[in-house]
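> Have a look at this one.
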Amino acid sequence: MQITGAELFVKALLAEQVDTIFAYPGGQAIDLFNALYGVEEIKVVLPRHEQGLVHAADGYARSTGKVGVCLVTSGPGATNLVTGIATANYDSVPLVCFTGQVPTHLIGNDAFQEVDIVGITRSICKYAITVRKREDLASIIKKAFFIARSGKPGVVVVDLPKDIQQALGSDCYPEQIEVRGYKPNTNVHIGQIKKVLALLKTAKRPVFLIGGGVNIAHAQQEMTQLAEKTCIPVITTIMGKGALPTNHPLYVGNLGIHGSYAANTAISECDVLFSIGVRFNDRITGKVSEFAKKATIIHVDIDPASISRNIVVDIPIVADAKNAIAALLEKAPKYDFADWKKQIDSWKAEHPIYSIDGAKSKVTPYSIIQEINRVFEDAVITTDVGQNQLWTTQFLELTDKKQMLTSGGLGTMGYGLPAAIGAKIGNPNKDVIAICGDGGIQMNIQEMATAVVYELPIIICILNNGYLGNVRQWQEMFYKKRYSCTCLRYRKSCAAFCNTPSACCPDYIPDFVQLTESYGAKAFRVQRPEDIKTTLEEAKGTKKVPTVIEFIIDPEENVLPIVPPGNPLSDMIMGGTGND
């Protein structure tokens, strides 16, 4: 049977069990939208900007484990996806992004809204291709979904010229496909497992370092079992948080430039560092030459290119994290590292991540997130990027019923709100909370309209300190308080040089409460600590509309501890955030 390329596109989505697509129409994609019209099995979600669209697909994919699907037109429609493609690909999120394109005979002629999106995105995605022949369409779409979800997941871009969408051809769609040269290894080499077990037998101070690869592999339950069986303390990266419940006695905390004292010190003092699904980027290593210098390092990762790229390791294991953990569970004995755990527990007690001195007298990030921990039991929590993200990763409690979504590799402001929209669409029965800064929320605040029209009762918590807080903190600590372009209350009439926020500063723009209400959503402003819990509870009980809660926090609240740039993890600036 002969059908158009656009009709085959819809057939392919159904065959890949796509139930939701995040899409924004345009001239070079209009045939695809026409083919989707009236297809009840696929929900088409129309955000208000393509960047919001791709972040929503990202949040949907991370929270459900499914492949997120995007559809946009050519030119600016495609280029508006670029930041979201990089965001998802850095964090190994499976997305397939379809972009409309001018007809094949116009490609290269500077036609209206023509861009080489394949060339633009090739370095920031897993695979990108333009469909040049109608007969290749089915196999290319099949390949796109296979590549996106297999091995180390990532983003695939498929560029669809308008004439390919309109051309008639076969209606056949393959059930399976082989991709030449692409054979990701997921199995574990038993010889390497034996080396690991022999090393652990003689270890005195081992730690697990768990990265996002364990969460991507959906191996949280197995990781918890392995930690309990071996009695080895567990440290996580930001992306690995949640691989073990944060209230588990073996969980130490996050590692890195804003990691806990206990976690950073344990890494510096351990004799075996067993890392699983970790990239060893600069946010967690500090000074590379000083990182875990007393340890023999084991590294499990599905991507062979990630092993020994940043940190040279002693025992490499190329495998899927879940398979590697399962193999260890089967063969590992129970160890006794009680003295080591006691030492780590003493570091945690002596240097907690937060001091509550003064916290009861004002609204602080700690008090806000502690109430979120108490009020919400079954939830997806997204973050934006900046201080809001760092406080959340420090204070948020995660269990098997709570999941955190954040932009870890690229650090994308504007991620939190649209990701929450995607997460809520994918998890309609869960509470979804976005924790954002007053700067980041404004980068995609137009997606408030998307949340309203789709009747999504997400809760947006804005931590408003009037600054681009993370950069301001660095300016305070390392640039002599030269607050260059970080004050969001600035007006043209302000003094040229100002580093002293006060009650005399101009009013904040916008008024988030009025802006939220103009969208038809609910809004609250919280300035007293006793109002935090009741406001969150009211927001939780709201149905069909989003709720914005603007929390007014100290303009110069800092994220601590912090490892100064270029220093080893053992060199931390301490202090309890929120102390008087």
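Just remember, in the structure tokens the first chain shown is A, the second B, etc., residues are 1-based per chain, and ligands are 1-based in the order shown.
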If you run DSSP over the backbone, which residues in range 119-352 of chain A end up alpha helix (DSSP H)? Put them as number ranges by chain.
A: 119-121, 137-149, 162-166, 190-202, 212-216, 220-230, 261-269, 282-285, 321-331, 338-350
> Taking 3 positions as the minimum chain separation for residues in the same chain, which residues sit within 9 Å of Glu222 in chain A when counting only C-alpha atoms? Answer as an MDAnalysis selection string.
chainID A and resid 218:219 225:227 322 325:326 329
> Would you save the residues from that selection as a PDB file, in the first residue's frame, using N, CA and C atoms?

```pdb
ATOM      1  N   HIS A 218      18.068   2.513  35.731  1.00  0.00           N
ATOM      2  CA  HIS A 218      16.977   2.119  36.636  1.00  0.00           C
ATOM      3  C   HIS A 218      17.439   0.991  37.577  1.00  0.00           C
ATOM      4  N   ALA A 219      18.607   1.216  38.149  1.00  0.00           N
ATOM      5  CA  ALA A 219      19.222   0.197  39.011  1.00  0.00           C
ATOM      6  C   ALA A 219      19.261   0.626  40.465  1.00  0.00           C
ATOM      7  N   GLN A 225      20.651  -2.748  47.373  1.00  0.00           N
ATOM      8  CA  GLN A 225      20.940  -4.114  47.833  1.00  0.00           C
ATOM      9  C   GLN A 225      22.436  -4.381  47.877  1.00  0.00           C
ATOM     10  N   LEU A 226      23.173  -3.879  46.868  1.00  0.00           N
ATOM     11  CA  LEU A 226      24.620  -4.100  46.834  1.00  0.00           C
ATOM     12  C   LEU A 226      25.308  -3.371  47.984  1.00  0.00           C
ATOM     13  N   ALA A 227      24.891  -2.142  48.244  1.00  0.00           N
ATOM     14  CA  ALA A 227      25.480  -1.394  49.361  1.00  0.00           C
ATOM     15  C   ALA A 227      25.231  -2.119  50.679  1.00  0.00           C
ATOM     16  N   LYS A 322      23.371  -1.603  35.495  1.00  0.00           N
ATOM     17  CA  LYS A 322      22.485  -2.569  36.138  1.00  0.00           C
ATOM     18  C   LYS A 322      23.049  -3.977  36.042  1.00  0.00           C
ATOM     19  N   ILE A 325      26.082  -4.256  38.455  1.00  0.00           N
ATOM     20  CA  ILE A 325      25.641  -4.344  39.853  1.00  0.00           C
ATOM     21  C   ILE A 325      25.053  -5.719  40.140  1.00  0.00           C
ATOM     22  N   ALA A 326      24.280  -6.250  39.195  1.00  0.00           N
ATOM     23  CA  ALA A 326      23.685  -7.581  39.378  1.00  0.00           C
ATOM     24  C   ALA A 326      24.768  -8.649  39.496  1.00  0.00           C
ATOM     25  N   LEU A 329      26.268  -8.354  42.906  1.00  0.00           N
ATOM     26  CA  LEU A 329      25.328  -8.856  43.916  1.00  0.00           C
ATOM     27  C   LEU A 329      25.386 -10.367  44.027  1.00  0.00           C
TER      28      LEU A 329
END
```
> I'd like the interatomic distance between CA of Asp31 in chain A and CA of Leu106 in chain A, to a tenth of an Å.
17.6 Å
> Using only C-alpha atoms, which of A:Lys126, A:His258, A:His299, A:Lys195 sits nearest Ile276 in chain A?
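Going through A:Lys126, A:His258, A:His299, A:Lys195 one by one, the smallest distance to Ile276 in chain A is for A:His299.
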> From a DSSP pass on the backbone, collect the residues of range 140-264 of chain A flagged as strand (DSSP E) and hand them back as a ChimeraX atom specification.
/A:155-161,168-170,206-210,234-236,251-254
> Keeping C-alpha atoms, export the residues of the selection given above as a PDB file, in the first residue's frame.

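Saved to out15.pdb:
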```
ATOM      1  CA  VAL A 155      19.457  12.543  21.475  1.00  0.00           C
ATOM      2  CA  VAL A 156      18.848  11.738  17.810  1.00  0.00           C
ATOM      3  CA  VAL A 157      17.895  14.453  15.306  1.00  0.00           C
ATOM      4  CA  VAL A 158      15.951  13.462  12.173  1.00  0.00           C
ATOM      5  CA  ASP A 159      15.579  16.203   9.553  1.00  0.00           C
ATOM      6  CA  LEU A 160      12.561  15.688   7.271  1.00  0.00           C
ATOM      7  CA  PRO A 161      12.394  17.684   4.004  1.00  0.00           C
ATOM      8  CA  LEU A 168       4.188   8.401  -1.735  1.00  0.00           C
ATOM      9  CA  GLY A 169       5.932   5.166  -0.864  1.00  0.00           C
ATOM     10  CA  SER A 170       5.677   1.858   0.954  1.00  0.00           C
ATOM     11  CA  PRO A 206      36.263   1.671  50.307  1.00  0.00           C
ATOM     12  CA  VAL A 207      33.472   3.865  49.002  1.00  0.00           C
ATOM     13  CA  PHE A 208      30.965   3.612  46.182  1.00  0.00           C
ATOM     14  CA  LEU A 209      30.814   6.716  43.998  1.00  0.00           C
ATOM     15  CA  ILE A 210      27.510   6.605  42.124  1.00  0.00           C
ATOM     16  CA  VAL A 234      27.785   5.377  49.188  1.00  0.00           C
ATOM     17  CA  ILE A 235      28.602   8.840  47.838  1.00  0.00           C
ATOM     18  CA  THR A 236      26.761  10.325  44.858  1.00  0.00           C
ATOM     19  CA  TYR A 251      24.415   7.172  52.309  1.00  0.00           C
ATOM     20  CA  VAL A 252      27.094   9.803  52.904  1.00  0.00           C
ATOM     21  CA  GLY A 253      26.050  12.695  50.647  1.00  0.00           C
ATOM     22  CA  ASN A 254      26.962  14.501  47.435  1.00  0.00           C
TER      23      ASN A 254
END
```
> Counting only C-alpha atoms, figure out which residue out of A:Ile147, A:Cys487, A:Ile458, A:Ala203 gets nearest to Glu178 in chain A.
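Smallest separation from Glu178 in chain A among the options: A:Ile147.
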> Considering only C-alpha atoms, return as an MDAnalysis selection string whatever protein or nucleic-acid residues lie within 12 Å of Asn558 in chain A, sequence-local ones (same chain, fewer than 5 positions apart) excluded.
chainID A and resid 258 354 364:366 386:388 390:391 465 467:477 553 573:579
> Store the residues picked out above in a file with N, CA and C atoms, as a CSV table (one decimal), in the first residue's frame.

```
chain,number,residue,atom,x,y,z
A,258,HIS,N,30.4,21.7,45.8
A,258,HIS,CA,29.4,22.0,46.8
A,258,HIS,C,29.0,20.7,47.6
A,354,TYR,N,24.3,21.7,56.9
A,354,TYR,CA,23.6,22.9,57.2
A,354,TYR,C,23.5,23.1,58.7
A,364,THR,N,14.4,30.5,54.6
A,364,THR,CA,15.7,30.1,54.0
A,364,THR,C,15.4,28.9,53.1
A,365,PRO,N,16.4,28.7,52.2
A,365,PRO,CA,16.3,27.5,51.3
A,365,PRO,C,16.2,26.2,52.0
A,366,TYR,N,16.9,26.1,53.1
A,366,TYR,CA,16.8,24.9,53.9
A,366,TYR,C,15.4,24.7,54.5
A,386,GLY,N,21.5,27.0,39.2
A,386,GLY,CA,22.0,28.1,40.0
A,386,GLY,C,22.0,27.7,41.5
A,387,GLN,N,21.9,28.7,42.4
A,387,GLN,CA,21.8,28.3,43.8
A,387,GLN,C,20.6,27.5,44.1
A,388,ASN,N,19.5,27.7,43.5
A,388,ASN,CA,18.3,26.9,43.7
A,388,ASN,C,18.6,25.4,43.5
A,390,LEU,N,21.6,23.9,43.6
A,390,LEU,CA,22.5,23.4,44.5
A,390,LEU,C,21.9,23.2,45.9
A,391,TRP,N,21.1,24.1,46.4
A,391,TRP,CA,20.4,23.9,47.7
A,391,TRP,C,19.5,22.7,47.6
A,465,ASN,N,15.9,35.9,45.5
A,465,ASN,CA,16.8,36.7,46.3
A,465,ASN,C,17.2,38.0,45.5
A,467,TYR,N,18.8,38.3,42.8
A,467,TYR,CA,20.1,38.2,42.1
A,467,TYR,C,20.1,37.0,41.2
A,468,LEU,N,21.1,37.0,40.3
A,468,LEU,CA,21.6,35.8,39.7
A,468,LEU,C,22.5,35.2,40.7
A,469,GLY,N,22.0,34.5,41.6
A,469,GLY,CA,22.6,34.2,42.9
A,469,GLY,C,23.9,33.5,42.8
A,470,ASN,N,24.0,32.5,42.0
A,470,ASN,CA,25.3,31.7,42.0
A,470,ASN,C,26.5,32.5,41.5
A,471,VAL,N,26.2,33.3,40.5
A,471,VAL,CA,27.3,34.2,40.0
A,471,VAL,C,27.6,35.3,41.0
A,472,ARG,N,26.6,35.8,41.6
A,472,ARG,CA,26.8,36.8,42.7
A,472,ARG,C,27.6,36.3,43.8
A,473,GLN,N,27.4,35.0,44.2
A,473,GLN,CA,28.2,34.4,45.3
A,473,GLN,C,29.6,34.3,44.9
A,474,TRP,N,29.9,33.9,43.7
A,474,TRP,CA,31.3,33.9,43.2
A,474,TRP,C,31.9,35.3,43.2
A,475,GLN,N,31.1,36.3,42.8
A,475,GLN,CA,31.6,37.7,42.8
A,475,GLN,C,31.9,38.1,44.2
A,476,GLU,N,31.1,37.7,45.2
A,476,GLU,CA,31.3,38.0,46.6
A,476,GLU,C,32.6,37.4,47.1
A,477,MET,N,32.7,36.1,46.8
A,477,MET,CA,33.8,35.3,47.4
A,477,MET,C,35.1,35.4,46.7
A,553,ILE,N,13.8,35.3,50.0
A,553,ILE,CA,15.0,34.9,50.8
A,553,ILE,C,16.0,35.9,50.8
A,573,ILE,N,35.7,25.7,51.9
A,573,ILE,CA,35.2,26.8,52.7
A,573,ILE,C,33.9,26.4,53.3
A,574,MET,N,33.9,26.3,54.7
A,574,MET,CA,32.8,25.8,55.4
A,574,MET,C,31.9,26.9,55.9
A,575,GLY,N,30.9,26.5,56.7
A,575,GLY,CA,30.0,27.4,57.2
A,575,GLY,C,28.6,27.0,56.9
A,576,GLY,N,27.6,27.2,57.8
A,576,GLY,CA,26.2,26.8,57.6
A,576,GLY,C,25.5,27.8,56.8
A,577,THR,N,24.9,27.5,55.6
A,577,THR,CA,24.1,28.4,54.9
A,577,THR,C,22.9,28.8,55.8
A,578,GLY,N,22.6,30.1,55.8
A,578,GLY,CA,21.5,30.5,56.6
A,578,GLY,C,21.9,30.9,58.0
A,579,ASN,N,23.1,30.8,58.4
A,579,ASN,CA,23.5,31.2,59.8
A,579,ASN,C,23.4,32.7,60.0
```
> Identify which of the residues A:Arg122, A:Ala57, A:Met223, A:Val131 lies closest to Cys97 in chain A, counting only C-alpha atoms when measuring atom-to-atom distances.
A:Ala57
> Between CA of Ala420 in chain A and CA of Glu41 in chain A, what is the spacing in Å?
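Between CA of Glu41 in chain A and CA of Ala420 in chain A the gap is 22.6 Å.
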> Compile the contact shell of Asn34 in chain A as a PyMOL selection string: residues with an atom at most 12 Å away, counting only C-alpha atoms, same-chain residues fewer than 5 positions apart removed.
chain A and resi 4-7+9-10+25-29+39+44+165-166
> Mind writing the picked residues with N, CA, C and O atoms as a PDB file, in the first residue's frame?

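Below you can see again27.pdb, which holds the result:
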```
ATOM      1  N   THR A   4       1.785   8.496   2.181  1.00  0.00           N
ATOM      2  CA  THR A   4       2.748   9.599   2.181  1.00  0.00           C
ATOM      3  C   THR A   4       3.789   9.401   3.278  1.00  0.00           C
ATOM      4  O   THR A   4       3.586   8.640   4.235  1.00  0.00           O
ATOM      5  N   GLY A   5       4.884  10.147   3.149  1.00  0.00           N
ATOM      6  CA  GLY A   5       5.900  10.103   4.195  1.00  0.00           C
ATOM      7  C   GLY A   5       5.358  10.567   5.533  1.00  0.00           C
ATOM      8  O   GLY A   5       5.721  10.029   6.589  1.00  0.00           O
ATOM      9  N   ALA A   6       4.470  11.559   5.521  1.00  0.00           N
ATOM     10  CA  ALA A   6       3.877  12.051   6.762  1.00  0.00           C
ATOM     11  C   ALA A   6       3.018  10.967   7.418  1.00  0.00           C
ATOM     12  O   ALA A   6       3.030  10.812   8.650  1.00  0.00           O
ATOM     13  N   GLU A   7       2.281  10.224   6.610  1.00  0.00           N
ATOM     14  CA  GLU A   7       1.465   9.135   7.153  1.00  0.00           C
ATOM     15  C   GLU A   7       2.343   8.019   7.709  1.00  0.00           C
ATOM     16  O   GLU A   7       2.025   7.425   8.753  1.00  0.00           O
ATOM     17  N   PHE A   9       5.269   8.514   8.971  1.00  0.00           N
ATOM     18  CA  PHE A   9       5.791   9.099  10.214  1.00  0.00           C
ATOM     19  C   PHE A   9       4.868   8.766  11.385  1.00  0.00           C
ATOM     20  O   PHE A   9       5.317   8.317  12.443  1.00  0.00           O
ATOM     21  N   VAL A  10       3.560   8.948  11.202  1.00  0.00           N
ATOM     22  CA  VAL A  10       2.599   8.644  12.261  1.00  0.00           C
ATOM     23  C   VAL A  10       2.578   7.143  12.551  1.00  0.00           C
ATOM     24  O   VAL A  10       2.542   6.722  13.716  1.00  0.00           O
ATOM     25  N   PRO A  25       4.049  23.848  15.395  1.00  0.00           N
ATOM     26  CA  PRO A  25       3.907  23.748  13.943  1.00  0.00           C
ATOM     27  C   PRO A  25       4.614  24.855  13.181  1.00  0.00           C
ATOM     28  O   PRO A  25       5.017  25.880  13.730  1.00  0.00           O
ATOM     29  N   GLY A  26       4.735  24.646  11.882  1.00  0.00           N
ATOM     30  CA  GLY A  26       5.319  25.622  10.970  1.00  0.00           C
ATOM     31  C   GLY A  26       5.204  25.110   9.547  1.00  0.00           C
ATOM     32  O   GLY A  26       4.819  23.955   9.313  1.00  0.00           O
ATOM     33  N   GLY A  27       5.551  25.951   8.584  1.00  0.00           N
ATOM     34  CA  GLY A  27       5.315  25.638   7.189  1.00  0.00           C
ATOM     35  C   GLY A  27       5.964  24.358   6.696  1.00  0.00           C
ATOM     36  O   GLY A  27       5.368  23.607   5.906  1.00  0.00           O
ATOM     37  N   GLN A  28       7.188  24.086   7.146  1.00  0.00           N
ATOM     38  CA  GLN A  28       7.891  22.907   6.643  1.00  0.00           C
ATOM     39  C   GLN A  28       7.574  21.643   7.453  1.00  0.00           C
ATOM     40  O   GLN A  28       8.145  20.587   7.185  1.00  0.00           O
ATOM     41  N   ALA A  29       6.668  21.764   8.406  1.00  0.00           N
ATOM     42  CA  ALA A  29       6.234  20.584   9.165  1.00  0.00           C
ATOM     43  C   ALA A  29       4.723  20.408   9.102  1.00  0.00           C
ATOM     44  O   ALA A  29       4.175  19.515   9.752  1.00  0.00           O
ATOM     45  N   VAL A  39      -5.437  11.709  15.467  1.00  0.00           N
ATOM     46  CA  VAL A  39      -4.873  10.427  15.921  1.00  0.00           C
ATOM     47  C   VAL A  39      -5.000  10.369  17.442  1.00  0.00           C
ATOM     48  O   VAL A  39      -4.220  10.985  18.173  1.00  0.00           O
ATOM     49  N   VAL A  44      -0.708  15.315  21.353  1.00  0.00           N
ATOM     50  CA  VAL A  44       0.192  16.352  20.848  1.00  0.00           C
ATOM     51  C   VAL A  44       0.127  17.537  21.800  1.00  0.00           C
ATOM     52  O   VAL A  44      -0.923  18.157  21.971  1.00  0.00           O
ATOM     53  N   GLN A 165       8.083  14.303   3.114  1.00  0.00           N
ATOM     54  CA  GLN A 165       6.825  14.160   3.863  1.00  0.00           C
ATOM     55  C   GLN A 165       5.638  13.930   2.921  1.00  0.00           C
ATOM     56  O   GLN A 165       4.696  13.206   3.260  1.00  0.00           O
ATOM     57  N   GLN A 166       5.690  14.538   1.737  1.00  0.00           N
ATOM     58  CA  GLN A 166       4.562  14.472   0.811  1.00  0.00           C
ATOM     59  C   GLN A 166       4.646  13.302  -0.157  1.00  0.00           C
ATOM     60  O   GLN A 166       3.625  12.901  -0.733  1.00  0.00           O
TER      61      GLN A 166
END
```
> Contacts of Asp511 in chain A at 10 Å or less, counting only C-alpha atoms, minus same-chain residues fewer than 5 places along, as a ChimeraX atom specification?
/A:516,525,550
> Might you pull out every residue within 6 Å of Lys544 in chain A, with only C-alpha atoms counted and same-chain residues fewer than 4 positions away left off, and present them as a list in words?
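Close residues of Lys544 in chain A: Glu455, Leu456 and Pro457 of chain A.
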> Dump as CSV the rows for residues of range 355-446 of chain A within 9 Å of range 242-248 of chain A: closest atom pair and distance in Å with one decimal, only C-alpha atoms counted, ordered by chain and rising residue number.

```
residue,atom,partner,partner_atom,distance
A:Leu396,CA,A:Thr246,CA,8.4
A:Glu397,CA,A:Thr246,CA,5.6
A:Leu398,CA,A:Gly242,CA,5.3
A:Thr399,CA,A:Pro245,CA,4.6
A:Asp400,CA,A:Pro245,CA,6.9
A:Lys402,CA,A:Gly242,CA,8.0
A:Gln403,CA,A:Gly242,CA,6.9
A:Met404,CA,A:Gly242,CA,7.6
```
> Identify, on the basis of only C-alpha atoms, every residue whose closest approach to Asp336 in chain A does not exceed 12 Å; exclude the query and any residue fewer than 5 positions from it along the same chain; express the result as a ChimeraX atom specification.
/A:200-206,227-233,341-342
> So which one's closest to Ser139 in chain A, A:Ala349, A:Ile190, A:Leu8, A:Ala379? Using only C-alpha atoms, please.
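Answer, going by the shortest atom-to-atom distance: A:Leu8.
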> Which one is closest to Ile177 in chain A: A:Ala138, A:Ile368, A:Ile433, A:Ala327? Count only C-alpha atoms.
A:Ala138
> With distances taken over only C-alpha atoms, which of A:Gln101, A:Gln176, A:Gln2, A:Gln389 is nearest to Lys162 in chain A?
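So, comparing all the options, the nearest one is A:Gln101.
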